[in-house]
file final.tsv (TSV, C-alpha atoms)
chain	number	residue	atom	x	y	z
A	9	MET	CA	0.00	0.00	0.00
A	10	GLY	CA	1.20	3.42	-0.79
A	11	VAL	CA	0.14	6.99	-0.28
A	12	VAL	CA	-3.09	7.83	-2.05
A	13	ASP	CA	-3.29	11.22	-3.68
A	14	GLY	CA	-6.63	12.93	-3.59
A	15	PRO	CA	-8.76	15.46	-1.82
A	16	THR	CA	-8.18	16.07	1.87
A	17	ALA	CA	-10.72	16.83	4.54
A	18	GLU	CA	-10.33	19.05	7.54
A	19	ALA	CA	-12.04	18.34	10.82
A	20	GLN	CA	-12.81	20.89	13.46
A	21	VAL	CA	-12.96	19.59	17.02
A	22	LEU	CA	-15.17	21.54	19.37
A	23	VAL	CA	-14.58	21.14	23.08
A	24	ALA	CA	-17.69	21.72	25.11
A	25	SER	CA	-17.28	23.90	28.13
A	26	SER	CA	-18.64	22.84	31.49
A	27	ILE	CA	-22.26	23.63	32.27
A	28	ALA	CA	-22.88	26.30	34.92
A	29	THR	CA	-24.73	25.10	38.01
A	30	THR	CA	-26.22	26.52	41.16
A	31	ILE	CA	-26.58	24.99	44.60
A	32	SER	CA	-29.22	26.13	47.08
A	33	LEU	CA	-29.38	25.52	50.82
A	34	GLY	CA	-32.06	26.13	53.41
A	35	ALA	CA	-32.43	25.30	57.10
A	36	ALA	CA	-35.56	24.43	59.05
A	37	PRO	CA	-36.25	25.44	61.67
A	38	THR	CA	-33.98	28.49	61.84
A	39	SER	CA	-34.17	28.76	65.64
A	40	ILE	CA	-33.76	25.79	67.98
A	41	ALA	CA	-32.70	24.96	71.53
A	42	LEU	CA	-29.46	23.14	72.20
A	43	GLY	CA	-30.10	19.40	71.86
A	44	GLN	CA	-32.61	19.83	69.04
A	45	SER	CA	-31.92	19.13	65.37
A	46	VAL	CA	-32.09	21.24	62.24
A	47	THR	CA	-32.67	19.93	58.73
A	48	LEU	CA	-30.48	21.33	55.97
A	49	SER	CA	-31.84	20.81	52.48
A	50	GLY	CA	-31.20	22.09	49.00
A	51	ALA	CA	-30.76	21.28	45.35
A	52	ILE	CA	-28.08	21.25	42.69
A	53	GLN	CA	-29.24	22.20	39.22
A	54	THR	CA	-28.07	23.83	36.05
A	55	ILE	CA	-28.70	27.53	35.55
A	56	GLY	CA	-31.53	26.42	33.23
A	57	GLY	CA	-33.18	24.44	36.05
A	58	THR	CA	-32.21	20.89	35.08
A	59	ALA	CA	-31.45	18.65	38.09
A	60	VAL	CA	-27.89	17.41	38.65
A	61	PRO	CA	-28.56	13.93	40.07
A	62	PHE	CA	-26.41	11.57	42.10
A	63	VAL	CA	-23.57	13.91	43.09
A	64	LEU	CA	-22.11	14.70	46.51
A	65	ALA	CA	-23.05	17.94	48.30
A	66	ASP	CA	-20.69	18.84	51.13
A	67	PHE	CA	-21.42	21.17	54.04
A	68	ASP	CA	-19.34	23.52	56.09
A	69	SER	CA	-20.26	25.49	59.17
A	70	THR	CA	-18.97	28.19	61.45
A	71	ILE	CA	-20.30	29.27	64.80
A	72	THR	CA	-20.23	32.55	66.67
A	73	PRO	CA	-19.32	32.89	69.42
A	74	SER	CA	-16.66	30.28	68.82
A	75	GLY	CA	-15.30	27.90	71.39
A	76	GLY	CA	-17.23	24.67	70.93
A	77	THR	CA	-16.24	21.52	69.13
A	78	ASN	CA	-17.72	22.97	65.94
A	79	THR	CA	-18.86	19.73	64.39
A	80	LYS	CA	-20.23	19.92	60.88
A	81	PRO	CA	-22.93	17.98	59.03
A	82	ASP	CA	-21.93	14.94	57.00
A	83	ALA	CA	-22.01	15.23	53.22
A	84	ALA	CA	-25.19	14.19	51.38
A	85	ASN	CA	-25.82	12.71	47.94
A	86	THR	CA	-28.35	14.29	45.64
A	87	SER	CA	-31.40	12.29	44.56
A	88	ALA	CA	-32.49	11.66	40.98
A	89	LEU	CA	-34.12	15.10	41.17
A	90	GLY	CA	-30.91	16.80	42.33
A	91	LEU	CA	-32.24	17.27	45.88
A	92	PHE	CA	-30.33	16.65	49.11
A	93	THR	CA	-31.09	16.75	52.81
A	94	ARG	CA	-29.18	16.25	56.04
A	95	THR	CA	-30.33	16.44	59.66
A	96	PHE	CA	-27.81	17.91	62.08
A	97	ALA	CA	-27.72	18.56	65.83
A	98	PRO	CA	-25.48	21.56	66.65
A	99	ASP	CA	-23.33	20.96	69.73
A	100	GLU	CA	-23.11	24.52	71.04
A	101	ALA	CA	-25.44	27.47	71.60
A	102	GLY	CA	-24.89	30.46	69.33
A	103	THR	CA	-25.46	31.42	65.71
A	104	TRP	CA	-24.45	28.67	63.33
A	105	ARG	CA	-23.71	29.72	59.77
A	106	PHE	CA	-23.90	27.03	57.10
A	107	TYR	CA	-23.15	26.78	53.44
A	108	SER	CA	-23.01	23.90	51.03
A	109	HIS	CA	-20.71	23.28	48.11
A	110	TRP	CA	-19.99	20.66	45.54
A	111	ALA	CA	-16.86	19.94	43.53
A	112	GLY	CA	-18.46	19.76	40.09
A	113	THR	CA	-17.60	17.20	37.41
A	114	SER	CA	-16.05	17.24	33.98
A	115	THR	CA	-19.52	18.20	32.70
A	116	PHE	CA	-20.82	20.51	35.45
A	117	ASN	CA	-19.12	23.47	37.15
A	118	ALA	CA	-18.66	23.51	40.93
A	119	ASP	CA	-20.65	25.94	43.05
A	120	SER	CA	-21.20	27.08	46.65
A	121	SER	CA	-24.51	28.11	48.16
A	122	PRO	CA	-25.21	31.40	49.86
A	123	GLU	CA	-24.75	31.24	53.61
A	124	GLY	CA	-27.68	30.40	55.88
A	125	ALA	CA	-27.96	30.76	59.65
A	126	VAL	CA	-29.55	28.88	62.52
A	127	THR	CA	-29.81	30.31	66.03
A	128	VAL	CA	-29.20	27.72	68.73
A	129	GLY	CA	-30.40	28.80	72.17
A	130	LYS	CA	-29.16	27.39	75.43
A	131	ALA	CA	-31.05	24.34	76.65
A	132	THR	CA	-33.69	25.08	79.27
A	133	PRO	CA	-33.14	22.98	82.37
A	134	THR	CA	-36.13	21.26	83.88
A	135	LEU	CA	-36.71	20.80	87.57
A	136	SER	CA	-39.21	18.46	89.07
A	137	LEU	CA	-40.05	18.24	92.73
A	138	SER	CA	-41.39	15.14	94.36
call {"tool": "encode", "arguments": {"input": "final.tsv", "output": "structure tokens"}}
result
Amino acid sequence: MGVVDGPTAEAQVLVASSIATTISLGAAPTSIALGQSVTLSGAIQTIGGTAVPFVLADFDSTITPSGGTNTKPDAANTSALGLFTRTFAPDEAGTWRFYSHWAGTSTFNADSSPEGAVTVGKATPTLSLS
């Protein structure tokens, strides 16, 4: 076999850019007593509103005033609809500020949610007389 002379074709390769996404996060209730739980929930979707299913949403938290153990919620996987939820029991009274983020993929861009807050009041002691 040799080199065949003839017309040549050019190919143009287009590389798709990653799709922009948004992650939302809400907390309910937004005010609790120490020892109670709060539910963090949200969604990851494209800017156009299409769900981003089966990805990992991570959480981070800060507390003011600081000084406690500052535990944070475990990560949560999104459902087929791009929704996630995690129940969390703060371990210190104060204002807890949460946000969620996800790392993105080769198809979808990463994003971080706006910050949300939960006020955790001191536990009310109970006294019973007998």
call {"tool": "residues_around", "arguments": {"input": "final.tsv", "residues": "Thr132 in chain A", "least_positions_apart": "6", "cutoff": "12 Å", "atoms": "only C-alpha atoms", "output": "number ranges by chain"}}
result
A: 40-44, 101
call {"tool": "closest_residue", "arguments": {"input": "final.tsv", "among": "A:Pro37, A:Gly50, A:Gly56, A:Pro133", "to": "His109 in chain A", "atoms": "only C-alpha atoms"}}
result
A:Gly50
call {"tool": "closest_residue", "arguments": {"input": "final.tsv", "among": "A:Ala59, A:Ala125, A:Ala35, A:Ala111", "to": "Leu91 in chain A", "atoms": "all atoms listed in the file"}}
result
A:Ala59
call {"tool": "residues_around", "arguments": {"input": "final.tsv", "residues": "Phe116 in chain A", "least_positions_apart": "5", "cutoff": "10 Å", "atoms": "all atoms listed in the file", "output": "VMD selection string"}}
result
chain A and resid 25 to 30 53 to 54 60 111
call {"tool": "atom_distance", "arguments": {"input": "final.tsv", "atom1": "CA of Tyr107 in chain A", "atom2": "CA of Lys130 in chain A"}}
result
22.8 Å
call {"tool": "atom_distance", "arguments": {"input": "final.tsv", "atom1": "CA of Ala36 in chain A", "atom2": "CA of Thr134 in chain A"}}
result
25.0 Å
call {"tool": "atom_distance", "arguments": {"input": "final.tsv", "atom1": "CA of Lys80 in chain A", "atom2": "CA of Ala97 in chain A"}}
result
9.1 Å
call {"tool": "closest_residue", "arguments": {"input": "final.tsv", "among": "A:Gly112, A:Thr103, A:Pro98, A:Ser120", "to": "Ile31 in chain A", "atoms": "all atoms listed in the file"}}
result
A:Ser120
call {"tool": "residues_around", "arguments": {"input": "final.tsv", "residues": "Asp66 in chain A", "least_positions_apart": "5", "cutoff": "8 Å", "atoms": "only C-alpha atoms", "output": "PyMOL selection string"}}
result
chain A and resi 82-84+108-110
call {"tool": "closest_residue", "arguments": {"input": "final.tsv", "among": "A:Ser49, A:Ser87, A:Ser39, A:Asn117", "to": "Gly129 in chain A", "atoms": "only C-alpha atoms"}}
result
A:Ser39
call {"tool": "residues_around", "arguments": {"input": "final.tsv", "residues": "Gly124 in chain A", "least_positions_apart": "4", "cutoff": "10 Å", "atoms": "all atoms listed in the file", "output": "PyMOL selection string"}}
result
chain A and resi 32-35+38+48+69+104-108
call {"tool": "closest_residue", "arguments": {"input": "final.tsv", "among": "A:Val128, A:Thr70, A:Thr113, A:Ala51", "to": "Thr86 in chain A", "atoms": "only C-alpha atoms"}}
result
A:Ala51
call {"tool": "axis_aligned_box", "arguments": {"input": "final.tsv", "around": "range 45-58 of chain A", "padding_each_side": "3 Å", "output": "AutoDock Vina command-line options"}}
result
--center_x -30.6 --center_y 23.3 --center_z 49.3 --size_x 11.1 --size_y 14.4 --size_z 38.1
call {"tool": "decode", "arguments": {"input": "final.tsv", "residues": "range 120-135 of chain A", "atoms": "N, CA, C and O atoms", "output": "mmCIF file, in the first residue's frame"}}
result
data_model
loop_
_atom_site.group_PDB
_atom_site.id
_atom_site.type_symbol
_atom_site.label_atom_id
_atom_site.label_comp_id
_atom_site.auth_asym_id
_atom_site.auth_seq_id
_atom_site.Cartn_x
_atom_site.Cartn_y
_atom_site.Cartn_z
ATOM 1 N N SER A 120 -20.949 27.000 45.205
ATOM 2 C CA SER A 120 -21.195 27.084 46.646
ATOM 3 C C SER A 120 -22.482 27.858 46.860
ATOM 4 O O SER A 120 -22.773 28.808 46.134
ATOM 5 N N SER A 121 -23.242 27.444 47.864
ATOM 6 C CA SER A 121 -24.512 28.108 48.157
ATOM 7 C C SER A 121 -24.274 29.400 48.924
ATOM 8 O O SER A 121 -23.231 29.580 49.547
ATOM 9 N N PRO A 122 -25.266 30.273 48.922
ATOM 10 C CA PRO A 122 -25.212 31.399 49.858
ATOM 11 C C PRO A 122 -25.259 30.856 51.286
ATOM 12 O O PRO A 122 -25.741 29.751 51.531
ATOM 13 N N GLU A 123 -24.782 31.651 52.204
ATOM 14 C CA GLU A 123 -24.748 31.240 53.609
ATOM 15 C C GLU A 123 -26.132 31.340 54.239
ATOM 16 O O GLU A 123 -26.889 32.258 53.948
ATOM 17 N N GLY A 124 -26.451 30.380 55.096
ATOM 18 C CA GLY A 124 -27.682 30.398 55.881
ATOM 19 C C GLY A 124 -27.324 30.367 57.355
ATOM 20 O O GLY A 124 -26.200 30.013 57.714
ATOM 21 N N ALA A 125 -28.256 30.714 58.215
ATOM 22 C CA ALA A 125 -27.963 30.757 59.646
ATOM 23 C C ALA A 125 -29.052 30.075 60.454
ATOM 24 O O ALA A 125 -30.227 30.102 60.075
ATOM 25 N N VAL A 126 -28.642 29.482 61.554
ATOM 26 C CA VAL A 126 -29.546 28.882 62.521
ATOM 27 C C VAL A 126 -29.121 29.379 63.898
ATOM 28 O O VAL A 126 -27.941 29.328 64.250
ATOM 29 N N THR A 127 -30.082 29.866 64.666
ATOM 30 C CA THR A 127 -29.806 30.312 66.029
ATOM 31 C C THR A 127 -30.082 29.151 66.977
ATOM 32 O O THR A 127 -31.167 28.587 66.962
ATOM 33 N N VAL A 128 -29.073 28.810 67.774
ATOM 34 C CA VAL A 128 -29.198 27.724 68.729
ATOM 35 C C VAL A 128 -29.162 28.323 70.130
ATOM 36 O O VAL A 128 -28.148 28.876 70.558
ATOM 37 N N GLY A 129 -30.306 28.262 70.823
ATOM 38 C CA GLY A 129 -30.404 28.799 72.170
ATOM 39 C C GLY A 129 -29.918 27.787 73.202
ATOM 40 O O GLY A 129 -29.852 26.581 72.933
ATOM 41 N N LYS A 130 -29.580 28.277 74.357
ATOM 42 C CA LYS A 130 -29.160 27.390 75.432
ATOM 43 C C LYS A 130 -30.332 26.498 75.835
ATOM 44 O O LYS A 130 -31.485 26.907 75.779
ATOM 45 N N ALA A 131 -30.005 25.285 76.214
ATOM 46 C CA ALA A 131 -31.047 24.344 76.650
ATOM 47 C C ALA A 131 -31.675 24.869 77.940
ATOM 48 O O ALA A 131 -31.015 25.453 78.782
ATOM 49 N N THR A 132 -32.969 24.661 78.069
ATOM 50 C CA THR A 132 -33.687 25.080 79.268
ATOM 51 C C THR A 132 -33.719 23.920 80.249
ATOM 52 O O THR A 132 -34.277 22.854 79.920
ATOM 53 N N PRO A 133 -33.123 24.089 81.415
ATOM 54 C CA PRO A 133 -33.137 22.980 82.373
ATOM 55 C C PRO A 133 -34.551 22.778 82.923
ATOM 56 O O PRO A 133 -35.337 23.721 83.003
ATOM 57 N N THR A 134 -34.845 21.560 83.289
ATOM 58 C CA THR A 134 -36.132 21.258 83.879
ATOM 59 C C THR A 134 -35.898 20.813 85.317
ATOM 60 O O THR A 134 -34.891 20.172 85.645
ATOM 61 N N LEU A 135 -36.805 21.147 86.166
ATOM 62 C CA LEU A 135 -36.713 20.800 87.569
ATOM 63 C C LEU A 135 -38.041 20.209 87.985
ATOM 64 O O LEU A 135 -39.097 20.755 87.714
#
